[in-house]
Structures are given as structure tokens and as C-alpha cells.
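What follows is query.txt (compact mmCIF, C-alpha atoms).
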```
# COMPACT_ATOMS: atom_id res chain seq x y z
CA MET A 1 -157.01 -33.35 -168.50
CA THR A 2 -158.94 -30.08 -168.28
CA LYS A 3 -157.41 -26.99 -166.68
CA PRO A 4 -158.81 -23.57 -165.75
CA PRO A 5 -157.77 -20.64 -167.98
CA VAL A 6 -154.33 -19.10 -167.60
CA PHE A 7 -154.08 -15.28 -167.74
CA ALA A 8 -151.24 -12.91 -168.68
CA THR A 9 -151.72 -9.15 -168.33
CA PHE A 10 -149.82 -6.18 -169.70
CA GLY A 11 -150.17 -2.46 -169.13
CA CYS A 12 -152.28 -0.30 -166.87
CA ARG A 13 -154.21 -0.88 -163.67
CA LEU A 14 -157.47 -0.88 -165.63
CA ASN A 15 -156.20 -3.81 -167.68
CA THR A 16 -155.37 -5.63 -164.44
CA TYR A 17 -158.86 -4.85 -163.19
CA GLU A 18 -160.40 -6.21 -166.37
CA THR A 19 -158.32 -9.39 -166.16
CA GLU A 20 -159.83 -10.01 -162.73
CA ALA A 21 -163.29 -9.47 -164.22
CA MET A 22 -162.45 -11.91 -167.04
CA LYS A 23 -161.39 -14.52 -164.49
CA GLU A 24 -164.88 -14.38 -163.02
CA LEU A 25 -166.53 -14.39 -166.45
CA THR A 26 -164.53 -17.41 -167.65
CA ALA A 27 -165.16 -19.29 -164.40
CA ALA A 28 -168.90 -18.75 -164.80
CA SER A 29 -168.75 -19.84 -168.45
CA GLY A 30 -166.99 -23.12 -167.73
CA LEU A 31 -164.19 -22.33 -170.20
CA GLU A 32 -161.21 -24.66 -169.82
CA ASN A 33 -157.85 -25.28 -171.46
CA ALA A 34 -157.45 -21.66 -172.52
CA VAL A 35 -154.75 -18.99 -172.23
CA VAL A 36 -155.96 -15.37 -172.20
CA VAL A 37 -153.43 -12.62 -172.94
CA ASN A 38 -154.63 -9.11 -172.09
CA THR A 39 -152.41 -6.79 -174.13
CA CYS A 40 -151.32 -3.15 -173.88
CA ALA A 41 -150.88 -0.78 -176.83
CA VAL A 42 -149.27 2.21 -175.12
CA THR A 43 -145.79 1.50 -176.55
CA ALA A 44 -144.30 -0.60 -179.31
CA GLU A 45 -142.26 -2.35 -176.61
CA ALA A 46 -145.46 -3.44 -174.87
CA VAL A 47 -146.67 -5.00 -178.13
CA ARG A 48 -143.30 -6.73 -178.65
CA GLN A 49 -143.36 -8.15 -175.13
CA SER A 50 -146.90 -9.44 -175.57
CA ARG A 51 -145.94 -11.27 -178.76
CA GLN A 52 -142.92 -12.77 -177.02
CA THR A 53 -145.10 -13.91 -174.12
CA ILE A 54 -147.66 -15.45 -176.47
CA ARG A 55 -144.95 -17.61 -178.07
CA LYS A 56 -143.72 -18.66 -174.63
CA LEU A 57 -147.22 -19.51 -173.44
CA ARG A 58 -147.84 -21.60 -176.55
CA ARG A 59 -144.72 -23.66 -175.81
CA GLU A 60 -145.87 -24.11 -172.21
CA ASN A 61 -149.50 -24.86 -173.14
CA PRO A 62 -149.40 -26.72 -176.48
CA GLU A 63 -152.97 -28.03 -176.21
CA ALA A 64 -154.63 -24.81 -174.98
CA GLN A 65 -156.67 -22.32 -176.96
CA ILE A 66 -154.81 -18.99 -176.95
CA ILE A 67 -157.07 -15.93 -176.85
CA VAL A 68 -155.53 -12.47 -177.25
CA THR A 69 -157.45 -9.40 -176.14
CA GLY A 70 -156.81 -5.89 -174.75
CA CYS A 71 -155.83 -2.60 -176.34
CA ALA A 72 -153.23 -3.91 -178.77
CA ALA A 73 -155.66 -6.60 -179.95
CA GLN A 74 -158.23 -3.84 -180.50
CA THR A 75 -155.92 -1.47 -182.41
CA GLU A 76 -153.99 -4.01 -184.47
CA PRO A 77 -155.91 -7.31 -184.53
CA GLU A 78 -154.18 -8.33 -187.73
CA THR A 79 -150.81 -8.45 -185.91
CA TYR A 80 -152.04 -11.16 -183.57
CA ALA A 81 -154.30 -12.95 -186.05
CA ALA A 82 -151.22 -13.52 -188.20
CA MET A 83 -149.44 -15.37 -185.37
CA ASP A 84 -149.58 -19.16 -185.68
CA GLU A 85 -149.77 -19.41 -181.89
CA VAL A 86 -153.02 -17.41 -181.63
CA ASP A 87 -156.45 -19.02 -181.95
CA LEU A 88 -158.73 -16.04 -181.32
CA VAL A 89 -158.30 -12.24 -181.21
CA MET A 90 -160.93 -10.54 -179.06
CA GLY A 91 -161.69 -6.82 -178.73
CA ASN A 92 -161.97 -4.74 -175.56
CA THR A 93 -165.76 -4.68 -175.66
CA GLU A 94 -166.11 -8.39 -176.31
CA LYS A 95 -163.75 -9.36 -173.47
CA MET A 96 -166.08 -7.80 -170.88
CA ASP A 97 -169.22 -9.41 -172.30
CA ALA A 98 -170.38 -12.53 -170.46
CA ALA A 99 -172.13 -13.76 -173.62
CA THR A 100 -168.78 -13.98 -175.45
CA TRP A 101 -167.25 -16.21 -172.78
CA ASN A 102 -170.40 -18.26 -172.39
CA LYS A 103 -170.30 -19.13 -176.09
CA LEU A 104 -166.63 -20.06 -175.82
CA GLY A 105 -167.34 -22.15 -172.74
CA LYS A 106 -169.93 -24.06 -174.74
CA GLY A 107 -167.43 -24.68 -177.52
CA ALA A 108 -168.61 -22.04 -180.02
CA ASP A 109 -166.47 -22.01 -183.14
CA PHE A 110 -165.72 -18.29 -183.34
CA ILE A 111 -162.59 -19.16 -185.26
CA GLY A 112 -164.40 -20.77 -188.15
CA GLN A 113 -166.91 -17.91 -188.39
CA THR A 114 -164.59 -14.94 -188.03
CA GLU A 115 -161.16 -16.11 -189.19
CA GLY A 116 -160.02 -15.84 -185.60
CA VAL A 117 -160.96 -12.18 -185.05
CA LEU A 118 -163.80 -11.00 -182.83
CA VAL A 119 -163.23 -7.23 -182.72
CA ASP A 120 -166.00 -4.67 -183.25
CA ASP A 121 -165.79 -0.90 -183.75
CA ILE A 122 -164.87 0.44 -180.29
CA MET A 123 -165.97 3.96 -181.28
CA SER A 124 -169.57 2.76 -181.55
CA VAL A 125 -169.69 1.75 -177.88
CA GLU A 126 -171.71 4.24 -175.84
CA GLN A 127 -171.90 2.67 -172.39
CA THR A 128 -169.57 1.10 -169.86
CA ALA A 129 -170.88 -1.46 -167.42
CA GLY A 130 -169.57 -1.44 -163.88
CA HIS A 131 -167.84 -4.71 -163.04
CA LEU A 132 -167.59 -5.76 -159.41
CA ILE A 133 -164.43 -7.74 -158.79
CA ASP A 134 -162.87 -9.21 -155.72
CA GLY A 135 -159.86 -7.00 -155.06
CA PHE A 136 -157.13 -8.31 -157.40
CA GLY A 137 -156.71 -11.52 -155.46
CA THR A 138 -156.07 -9.82 -152.10
CA ARG A 139 -158.23 -8.83 -149.15
CA SER A 140 -156.59 -5.40 -148.89
CA ARG A 141 -158.15 -3.19 -151.53
CA ALA A 142 -160.70 -3.38 -154.30
CA TYR A 143 -160.83 -1.52 -157.60
CA VAL A 144 -164.01 -0.06 -159.04
CA GLN A 145 -164.13 0.98 -162.68
CA VAL A 146 -165.99 4.28 -162.95
CA GLN A 147 -165.09 5.25 -166.52
CA ASN A 148 -163.63 3.91 -169.76
CA GLY A 149 -162.35 5.45 -172.99
CA CYS A 150 -161.03 8.93 -173.78
CA ASP A 151 -162.34 11.88 -175.80
CA HIS A 152 -158.93 13.57 -176.07
CA ARG A 153 -156.54 13.00 -178.95
CA CYS A 154 -153.02 13.54 -177.66
CA THR A 155 -150.68 13.20 -180.61
CA PHE A 156 -148.62 10.37 -179.10
CA CYS A 157 -151.48 8.24 -177.77
CA ILE A 158 -153.11 5.21 -179.38
CA ILE A 159 -155.31 4.42 -176.37
CA PRO A 160 -158.53 6.16 -177.56
CA TYR A 161 -158.49 3.81 -180.55
CA GLY A 162 -158.22 0.85 -178.19
CA ARG A 163 -160.69 2.06 -175.61
CA GLY A 164 -163.13 4.20 -177.58
CA ASN A 165 -164.73 7.46 -176.48
CA SER A 166 -165.27 8.32 -172.82
CA ARG A 167 -168.14 6.50 -171.08
CA SER A 168 -169.09 6.84 -167.42
CA VAL A 169 -170.55 4.34 -164.97
CA PRO A 170 -173.53 6.04 -163.25
CA ALA A 171 -172.91 7.23 -159.69
CA GLY A 172 -175.61 5.01 -158.22
CA VAL A 173 -174.01 1.89 -159.69
CA VAL A 174 -170.60 2.92 -158.33
CA VAL A 175 -171.95 3.64 -154.84
CA ASP A 176 -173.83 0.31 -154.71
CA GLN A 177 -170.68 -1.56 -155.70
CA ILE A 178 -168.63 0.16 -153.02
CA LYS A 179 -171.27 -0.57 -150.37
CA ARG A 180 -171.08 -4.27 -151.26
CA LEU A 181 -167.29 -4.22 -151.12
CA VAL A 182 -167.27 -2.56 -147.70
CA ALA A 183 -169.78 -5.17 -146.50
CA LYS A 184 -167.30 -7.83 -147.63
CA GLY A 185 -164.62 -6.28 -145.45
CA TYR A 186 -162.56 -4.16 -147.82
CA ASN A 187 -160.93 -1.19 -146.14
CA GLU A 188 -159.83 0.64 -149.29
CA VAL A 189 -161.42 1.23 -152.67
CA VAL A 190 -159.63 2.67 -155.70
CA LEU A 191 -161.58 4.44 -158.45
CA THR A 192 -160.11 3.54 -161.81
CA GLY A 193 -160.59 4.32 -165.50
CA VAL A 194 -158.79 5.57 -168.60
CA ASP A 195 -159.47 9.29 -168.08
CA ILE A 196 -161.39 9.46 -164.82
CA THR A 197 -161.46 13.26 -164.60
CA SER A 198 -163.80 13.11 -167.61
CA TRP A 199 -166.24 11.05 -165.54
CA GLY A 200 -169.76 12.44 -165.83
CA ASP A 201 -169.35 14.31 -169.13
CA ASP A 202 -171.75 11.86 -170.80
CA LEU A 203 -174.22 11.60 -167.91
CA PRO A 204 -177.36 13.72 -167.38
CA GLY A 205 -176.39 17.08 -165.91
CA ASN A 206 -172.68 16.47 -166.61
CA PRO A 207 -171.68 15.93 -162.97
CA PRO A 208 -167.92 16.29 -162.30
CA LEU A 209 -165.71 13.62 -160.72
CA GLY A 210 -165.64 15.57 -157.46
CA ASP A 211 -169.39 15.09 -157.10
CA LEU A 212 -168.94 11.32 -157.40
CA VAL A 213 -166.12 11.32 -154.83
CA GLN A 214 -168.12 13.38 -152.35
CA ARG A 215 -171.21 11.23 -152.88
CA ILE A 216 -169.23 8.05 -152.17
CA LEU A 217 -167.77 9.50 -148.97
CA LYS A 218 -171.20 10.66 -147.82
CA LEU A 219 -173.23 7.59 -148.75
CA VAL A 220 -170.65 4.99 -147.68
CA PRO A 221 -169.60 6.31 -144.26
CA ASP A 222 -168.10 2.94 -143.25
CA LEU A 223 -165.50 3.07 -146.06
CA PRO A 224 -162.19 3.83 -144.30
CA ARG A 225 -160.13 4.77 -147.36
CA LEU A 226 -160.95 5.99 -150.86
CA ARG A 227 -158.24 6.44 -153.46
CA ILE A 228 -158.35 7.79 -157.02
CA SER A 229 -156.04 6.67 -159.80
CA SER A 230 -154.31 8.79 -162.44
CA ILE A 231 -155.90 12.18 -163.11
CA ASP A 232 -155.41 15.03 -165.55
CA SER A 233 -154.71 17.95 -163.22
CA VAL A 234 -156.09 20.55 -165.63
CA GLU A 235 -159.47 18.78 -165.47
CA ALA A 236 -159.64 18.58 -161.67
CA ASP A 237 -162.93 20.23 -160.71
CA GLN A 238 -163.46 22.34 -157.58
CA ALA A 239 -165.52 19.66 -155.82
CA LEU A 240 -162.61 17.20 -156.28
CA VAL A 241 -160.07 19.76 -155.05
CA ASP A 242 -162.26 20.48 -152.01
CA ALA A 243 -162.57 16.77 -151.25
CA ILE A 244 -158.81 16.21 -151.44
CA ALA A 245 -158.24 19.19 -149.16
CA SER A 246 -160.82 18.34 -146.52
CA GLU A 247 -161.70 14.64 -146.60
CA LYS A 248 -159.19 12.60 -144.61
CA ARG A 249 -160.71 9.36 -145.91
CA LEU A 250 -159.66 10.40 -149.42
CA MET A 251 -156.03 9.35 -149.61
CA PRO A 252 -153.37 12.07 -150.17
CA HIS A 253 -151.85 10.51 -153.27
CA LEU A 254 -152.34 11.75 -156.82
CA HIS A 255 -150.80 10.32 -159.95
CA LEU A 256 -150.73 13.10 -162.53
CA SER A 257 -150.77 12.78 -166.30
CA LEU A 258 -148.14 15.47 -166.99
CA GLN A 259 -146.12 13.90 -169.87
CA ALA A 260 -143.68 16.82 -170.27
CA GLY A 261 -142.48 20.06 -168.68
CA ASP A 262 -141.83 22.16 -171.76
CA ASN A 263 -144.62 24.29 -173.23
CA MET A 264 -143.70 23.71 -176.86
CA ILE A 265 -143.56 19.94 -176.38
CA LEU A 266 -146.86 20.05 -174.49
CA LYS A 267 -148.37 21.92 -177.43
CA ARG A 268 -147.01 19.38 -179.91
CA MET A 269 -148.38 16.62 -177.72
CA LYS A 270 -151.76 18.39 -177.87
CA ARG A 271 -151.95 18.45 -174.10
CA ARG A 272 -154.40 20.78 -172.40
CA HIS A 273 -152.09 22.40 -169.85
CA LEU A 274 -148.87 24.42 -169.64
CA ARG A 275 -145.97 23.79 -167.28
CA ASP A 276 -147.08 26.67 -165.02
CA ASP A 277 -150.53 25.08 -164.72
CA ALA A 278 -148.98 21.87 -163.41
CA ILE A 279 -146.72 23.70 -160.97
CA ALA A 280 -149.57 25.87 -159.67
CA PHE A 281 -151.85 22.85 -159.19
CA CYS A 282 -149.22 20.96 -157.20
CA GLU A 283 -148.44 24.01 -155.06
CA ASP A 284 -152.11 24.72 -154.37
CA MET A 285 -152.89 21.12 -153.46
CA ARG A 286 -149.87 20.87 -151.17
CA LYS A 287 -150.97 24.00 -149.31
CA ALA A 288 -154.44 22.49 -148.89
CA ARG A 289 -153.17 18.99 -148.03
CA PRO A 290 -149.54 19.17 -146.80
CA ASP A 291 -149.12 15.37 -146.68
CA ILE A 292 -149.99 14.88 -150.34
CA VAL A 293 -147.65 12.72 -152.44
CA TYR A 294 -147.46 13.04 -156.22
CA GLY A 295 -146.67 10.55 -158.93
CA ALA A 296 -146.51 11.46 -162.61
CA ASP A 297 -146.15 10.13 -166.14
CA ILE A 298 -143.29 11.73 -168.10
CA ILE A 299 -142.29 10.94 -171.70
CA ALA A 300 -138.59 11.14 -172.55
CA GLY A 301 -137.44 12.09 -176.04
CA PHE A 302 -140.67 13.23 -177.65
CA PRO A 303 -140.11 14.16 -181.36
CA THR A 304 -138.36 17.55 -181.79
CA GLU A 305 -137.41 17.69 -178.08
CA THR A 306 -134.17 19.66 -177.71
CA GLU A 307 -131.83 19.40 -174.73
CA GLU A 308 -133.26 22.68 -173.44
CA MET A 309 -136.82 21.37 -173.75
CA PHE A 310 -135.82 18.18 -171.95
CA ALA A 311 -134.24 20.24 -169.18
CA ASN A 312 -137.65 21.79 -168.55
CA SER A 313 -139.13 18.33 -167.99
CA LEU A 314 -136.25 17.47 -165.68
CA LYS A 315 -136.79 20.66 -163.66
CA LEU A 316 -140.51 19.94 -163.39
CA ILE A 317 -139.75 17.04 -161.01
CA GLU A 318 -138.48 19.47 -158.38
CA GLU A 319 -140.85 22.30 -159.25
CA CYS A 320 -143.92 20.09 -158.81
CA GLY A 321 -142.43 18.10 -155.95
CA LEU A 322 -142.97 14.77 -157.71
CA THR A 323 -142.05 11.52 -155.97
CA TRP A 324 -143.18 8.48 -157.95
CA LEU A 325 -142.26 8.76 -161.65
CA HIS A 326 -143.46 6.57 -164.50
CA VAL A 327 -140.91 7.31 -167.22
CA PHE A 328 -141.78 6.34 -170.80
CA PRO A 329 -139.08 6.50 -173.50
CA PHE A 330 -140.95 7.84 -176.52
CA SER A 331 -142.20 5.06 -178.77
CA PRO A 332 -143.93 5.95 -182.06
CA ARG A 333 -147.32 4.31 -182.41
CA GLN A 334 -148.49 3.78 -185.98
CA GLY A 335 -151.57 5.86 -186.73
CA THR A 336 -150.76 8.69 -184.32
CA PRO A 337 -149.62 12.19 -185.44
CA ALA A 338 -146.45 12.01 -183.34
CA ALA A 339 -145.26 9.00 -185.33
CA ARG A 340 -144.99 11.33 -188.36
CA MET A 341 -142.92 13.94 -186.53
CA PRO A 342 -139.10 14.08 -186.72
CA LEU A 343 -137.91 11.35 -184.36
CA LEU A 344 -134.89 11.56 -182.07
CA ASP A 345 -132.12 9.01 -182.11
CA ARG A 346 -132.96 6.04 -179.88
CA SER A 347 -129.75 6.50 -177.92
CA VAL A 348 -130.77 10.06 -177.03
CA ILE A 349 -134.23 8.89 -175.93
CA LYS A 350 -132.75 6.15 -173.74
CA GLU A 351 -130.21 8.53 -172.19
CA ARG A 352 -132.90 11.08 -171.31
CA ALA A 353 -135.13 8.38 -169.84
CA LYS A 354 -132.21 7.27 -167.69
CA ARG A 355 -131.68 10.81 -166.40
CA LEU A 356 -135.35 11.15 -165.55
CA ARG A 357 -135.30 7.85 -163.64
CA GLU A 358 -132.16 8.89 -161.76
CA ALA A 359 -133.81 12.16 -160.76
CA GLY A 360 -136.88 10.22 -159.70
CA ALA A 361 -134.79 7.84 -157.57
CA ILE A 362 -133.35 10.81 -155.68
CA ARG A 363 -136.84 12.14 -155.04
CA VAL A 364 -137.97 8.74 -153.75
CA GLU A 365 -135.03 8.49 -151.36
CA THR A 366 -135.71 12.02 -150.08
CA HIS A 367 -139.35 11.14 -149.51
CA LEU A 368 -138.53 7.91 -147.69
CA ALA A 369 -135.97 9.57 -145.43
CA ALA A 370 -138.52 12.23 -144.46
CA GLN A 371 -140.95 9.57 -143.22
CA VAL A 372 -138.63 8.11 -140.56
CA GLY A 373 -140.09 8.75 -137.12
CA LYS A 374 -143.53 9.63 -138.51
CA ALA A 375 -146.73 7.79 -137.66
CA HIS A 376 -148.76 6.29 -140.51
CA SER A 377 -151.87 4.21 -140.98
CA VAL A 378 -150.77 1.26 -143.10
CA LEU A 379 -153.12 -0.94 -145.12
CA MET A 380 -151.62 -4.43 -145.09
CA GLU A 381 -151.39 -6.12 -148.52
CA ASN A 382 -149.89 -9.25 -146.98
CA ALA A 383 -148.49 -10.32 -143.62
CA ARG A 384 -145.31 -8.25 -143.91
CA MET A 385 -146.04 -5.49 -146.45
CA GLY A 386 -148.52 -2.63 -146.57
CA ARG A 387 -149.06 0.88 -147.97
CA THR A 388 -149.23 4.24 -146.26
CA GLU A 389 -151.88 6.84 -147.03
CA GLY A 390 -149.49 8.19 -149.70
CA PHE A 391 -149.10 4.68 -151.20
CA THR A 392 -145.53 4.25 -149.97
CA GLU A 393 -144.54 0.62 -149.43
CA VAL A 394 -143.85 -0.38 -145.82
CA GLN A 395 -142.10 -3.60 -144.78
CA PHE A 396 -142.77 -4.99 -141.28
CA SER A 397 -140.45 -7.22 -139.25
CA THR A 398 -143.40 -9.07 -137.66
CA ASP A 399 -146.60 -10.50 -139.10
CA GLN A 400 -149.70 -8.30 -139.37
CA THR A 401 -153.26 -9.12 -140.44
CA GLU A 402 -153.77 -8.89 -144.19
CA GLY A 403 -156.40 -6.36 -145.20
CA GLN A 404 -156.33 -4.47 -141.91
CA ILE A 405 -155.23 -0.88 -141.34
CA VAL A 406 -152.56 -0.82 -138.66
CA PRO A 407 -150.92 2.18 -136.96
CA ALA A 408 -147.15 2.24 -137.34
CA VAL A 409 -144.20 4.50 -136.62
CA ILE A 410 -141.57 4.33 -139.34
CA SER A 411 -138.22 3.16 -138.00
CA GLY A 412 -136.10 3.17 -141.15
CA HIS A 413 -135.98 2.85 -144.92
CA THR A 414 -134.19 1.26 -147.85
CA LEU A 415 -133.82 2.80 -151.31
CA THR A 416 -137.35 1.72 -152.23
CA ASN A 417 -139.47 1.23 -149.11
CA LEU A 418 -140.06 2.09 -145.47
CA ARG A 419 -139.37 -0.20 -142.53
CA VAL A 420 -141.18 -0.85 -139.25
CA GLY A 421 -139.52 -2.85 -136.46
CA ARG A 422 -136.13 -4.44 -136.08
CA PHE A 423 -134.62 -6.02 -139.20
```

Before anything else, please render the file you have as C-alpha cells.
Amino acid sequence: MTKPPVFATFGCRLNTYETEAMKELTAASGLENAVVVNTCAVTAEAVRQSRQTIRKLRRENPEAQIIVTGCAAQTEPETYAAMDEVDLVMGNTEKMDAATWNKLGKGADFIGQTEGVLVDDIMSVEQTAGHLIDGFGTRSRAYVQVQNGCDHRCTFCIIPYGRGNSRSVPAGVVVDQIKRLVAKGYNEVVLTGVDITSWGDDLPGNPPLGDLVQRILKLVPDLPRLRISSIDSVEADQALVDAIASEKRLMPHLHLSLQAGDNMILKRMKRRHLRDDAIAFCEDMRKARPDIVYGADIIAGFPTETEEMFANSLKLIEECGLTWLHVFPFSPRQGTPAARMPLLDRSVIKERAKRLREAGAIRVETHLAAQVGKAHSVLMENARMGRTEGFTEVQFSTDQTEGQIVPAVISGHTLTNLRVGRF
């Protein structure tokens, strides 16, 4: 009996986006009886989990062809090719190419020709195609990829070797995609990429991200809500800052790639900002847009980090007014400079990560408590759950219409979300 492909996804929102694109590509190709695992390379733990999942999926799908792709497949294809459970390892460029899936759908024997590895040099890729997908399986929001890759070489990060150098999707392509999505009824679009503040660096005239944002808001006046994903605050251009400050359709939620709050650690990470830069940016943006909500990535236990250095990262949570933290215990990635630096004991790394998460939980509870009694416009992700403008989860006691933006006054909260109505 034939079955449609099964997908498993690890890692970032862009990976989730690309899985949705692959679902459409495999459906068009006619591929059946396959399992596609879209891996993440950001930590060694992510690689371990993907290998564990592959073994589980093989047990559950003994007759299926198992295809492994994503960043970890790109950076260490030999790891997955050596697994008995894996039939084909596919690179990040190949996974977004319809021709690859069409050949597989027609029964092409890539395995016999390539010893199970179909991974080209990602650094040779110079363009990124825009892929229009249907909103991650919901009618609430759609994601539009505007950029891929990264030109920076932070000492801890393996991602440029999985994604290649920065490539931008032209503004006209992005705007046309968003127009089609709005015509389909989507009320929110999220711009996504690996390093989206580098958007435009490779395009004629080197337009900044803020120009793209302002063009979208101008040329798609029927789009109710536009959201941007993780940004590097030091690369935020004036047009982007102006848009955040003045455009109410641009949502007041920024996820910042901060990584640390100590200047020496930032230098050893080869970051492009100092702690005072991050604090000043957050202060300036909050003055311009008082309802703004910040998230941030923070690494715990980077090599050579002393207790005093860690304390600076801990203090940054309050000093920047961060709410949503993504805490990463440092994990050495083979091939990166940080992996050759003096490592901390794992117990110290875990303990510091725990303290960061505890501080983050306090900030979340403070934020939630402050919303009680306030009015919000909530985009419904399903009948009982939606998101505020600041991306805070809201639970409703009565059914709402999925995909619609509904006005709501917050009546209460739990430790993790807001409540509307009587529970």
C-alpha cells in the first residue's frame, strides 16, 4: 500500500517553512512511501535528537525510503550516510529544488549513483528562490522567506556552512507573494530568513531591510499585520527603525540575536555589538514604540565565561527588558573556532542555563500580569487560541473563528499565557 511522505522537522522557523515547501514539492512529484527528516545543526544535541528520531522512524516505517536533509545533513553528510536506517542524504539546496523531488518521484536511483549522498557545495549557491507556502497548515498566518544564508562568521556558529552565504529574494517577488497570500485570506505575514537584517546586501543598490518592509506596507495596503522574525539589532537600518516606530501594521515584537551580555564574551563570539549597543537599541525602540515586546537568544556557558561574565548576561535581561528568552547551553560544534576554546564543565553550563531560564520565567510572568485588563487584537490560530500583537499566547473560553483578528480584553493569566473569558 502506498502512503504519502512523512515529515519530521528540527530547528528554526525557516526549517519549518522549508518543510512546508517540501510537502508541496513532494506532493507534486508523486513521491510515496518516504520519510523526510529536516535536520538542525545549531547544537550537538539537535544532531543527537535527529539521529534518535531517524531510528524511531525506521522502526515505524520499515518499508519507507528515509531521506535526511537540512543543515546537519549539509554540514556532516557522512554522519547520516553511515546510518543503516538512512537511504539518501540531501543538501539544503537540493531539498528546495523541484527537479530533485521529481526524479525521486519517478523512481530515480540517486542511491546507486551517489552512494546515498546528494549534497553540493552550499557556498557556491548565489541565489535564493522565494517559495510560496500555505501558512504552516493553518489559516492564521503565512511565512515568506526573504533571505537565506549568512555572511558573518560567529565563532560558535555552524549555520553559515549549512546555509551558505547570504542571498536575498528580490523585493518584487516578496511583494507579489504577499499580495497572493492576502488574496487567499491571510491576515498576518511573517518575513523569515537566516539573517534577515542582511537582506538586500547582494541586490542592486544594496537596499536595506527597512526599505522592503516599507514597500510591503505601502504596496499591500490590505495586509492587516506584518511581522519580522529574528533580527541582529546592530544591523537594524533607519528605515526599519522608522517603520517599527510608526507603522501600526508592523507588529511590536522583535526577537533579538544577542547571545551574551558581556563585552569580552561578545568579542570572543565575534559578535558585532557591545552590551551597551543592545541596551541602547532596546531603550530607543521602547521610547518609539512603548508596546514593543522583546525576545532574545542567549548562550549559557560560552568557553572562558567566568561567573562575573555570566552575571552580565543575566543582568542584560532586565537592562534590555527582555520577555521571551531562547536559552542555549553552549554546545561545541566541530569545525568552529569556539570548539577549540577552553570549555566549561557541563554541570556549570547546565546550571547557568537554568538560571537564565528562571530569570526569563519571571519576566514572562511580569509581562503577562501587566496585560490583564488591557485590550488586544488577537489573531486566532485555532478556535480557542490566538496571539496578541506582541505574540503573547491568549486562551479563550469560547470558540472564535480561526484566522480572524478579534478584539479582546484580557481577563487573567497563567504562568505561560493570557486568558479571555470565564474559565

- Message: Excluding segment 304-311 of chain A and its own-chain neighbours fewer than 3 positions away, which residues fall within 12 Å of it when counting all atoms listed in the file? Please give them as a PyMOL selection string.
- Response: chain A and resi 259-269+275+298-301+314-318+330+338-345+348-349+351-353+355-356+359

- Task: Between atom CA of Val169 of chain A and atom CA of Phe10 of chain A, measure the distance and give it in Å to one decimal.
- Result: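 Separation of atom CA of Val169 of chain A and atom CA of Phe10 of chain A: 23.7 Å.
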
- Tell me which protein, DNA and RNA residues are within 12 Å of Thr9 of chain A, counting all atoms listed in the file, leaving out same-chain ones fewer than 4 positions away, and put them as a list in words. Arg13, Leu14, Asn15, Thr16, Tyr17, Glu18, Thr19, Glu20, Met22, Lys23, Val35, Val36, Val37, Asn38, Thr39, Cys40, Ala41, Ala46, Val47, Gln49, Ser50, Thr53, Ile54, Val68, Thr69, Gly70, Cys71 and Ala72 of chain A

- Task: Within 9 Å of (-146.0, -0.4, -140.5) (coordinates as in the file), grab all the protein and nucleic acid residues, counting only C-alpha atoms, and write them out as an MDAnalysis selection string.
- Result: chainID A and resid 375:380 384:388 394:397 400 406:411 418:421

- Query: Which residue, A:Asp222, A:Glu85, A:Asp211, A:Asp232, has the smallest gap to Leu181 of chain A when you use only C-alpha atoms?
  - Reply: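 Looking at the shortest contact to Leu181 of chain A, the residue is A:Asp222.
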
- Query: Hey, which of A:Arg271, A:Arg59, A:Arg225, A:His326 ends up closest to Lys248 of chain A? Count only C-alpha atoms.
  - Reply: A:Arg225

- Contacts of Arg153 of chain A at 10 Å or less, counting only C-alpha atoms, minus same-chain residues fewer than 6 places along, as a VMD selection string? chain A and resid 159 to 161 269 to 271 336 to 337

- Item | Point-to-point distance from atom CA of Lys374 of chain A to atom CA of Val241 of chain A, Å rounded to tenths | 25.5 Å

- Task: List the neighbours of Ala383 of chain A out to 7 Å using only C-alpha atoms; skip same-chain residues closer than 6 positions along the sequence, and give me the result as an MDAnalysis selection string.
- Result: chainID A and resid 399:402

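Distances to Leu415 of chain A were evaluated for A:Gly403, A:Gly373, A:Gly360, A:Gly321 using all atoms listed in the file, and the minimum falls at A:Gly360.
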
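If you count all atoms listed in the file and ignore residues fewer than 4 places along the chain from Pro62 of chain A, what sits within 10 Å of it is Asn33, Leu57, Arg58, Ile66 and Glu85 of chain A.
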
- Ref. answer, residues at most 10 Å from (-165.7, 12.1, -157.5) with only C-alpha atoms, as a list in words: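 Nearby residues: Val146, Ala171, Leu191, Ile196, Thr197, Trp199, Gly200, Pro207, Pro208, Leu209, Gly210, Asp211, Leu212, Val213, Gln214, Arg215, Ile216, Leu217, Ile228, Ala236, Asp237, Ala239, Leu240, Val241 and Ala243 of chain A.
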
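You can rank A:Gln65, A:Asn312, A:Ser29, A:Thr79 by their closest distance to Asp97 of chain A using only C-alpha atoms, and at the top of that list sits A:Ser29.
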
- Item | Distance of atom CA of Met96 of chain A from atom CA of Arg51 of chain A, expressed in Å to one decimal place | 21.9 Å

- Task: Would you mind telling me which residue in A:Gln404, A:Asn187, A:Asn382, A:Thr26 lies nearest to Lys103 of chain A when using only C-alpha atoms?
- Result: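 Once distances to Lys103 of chain A are computed over only C-alpha atoms, the minimum belongs to A:Thr26.
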
- Task: Identify which of the residues A:His253, A:Ala44, A:Phe391, A:Lys95 lies closest to Gly11 of chain A, counting all atoms listed in the file when measuring atom-to-atom distances.
- Result: A:Ala44
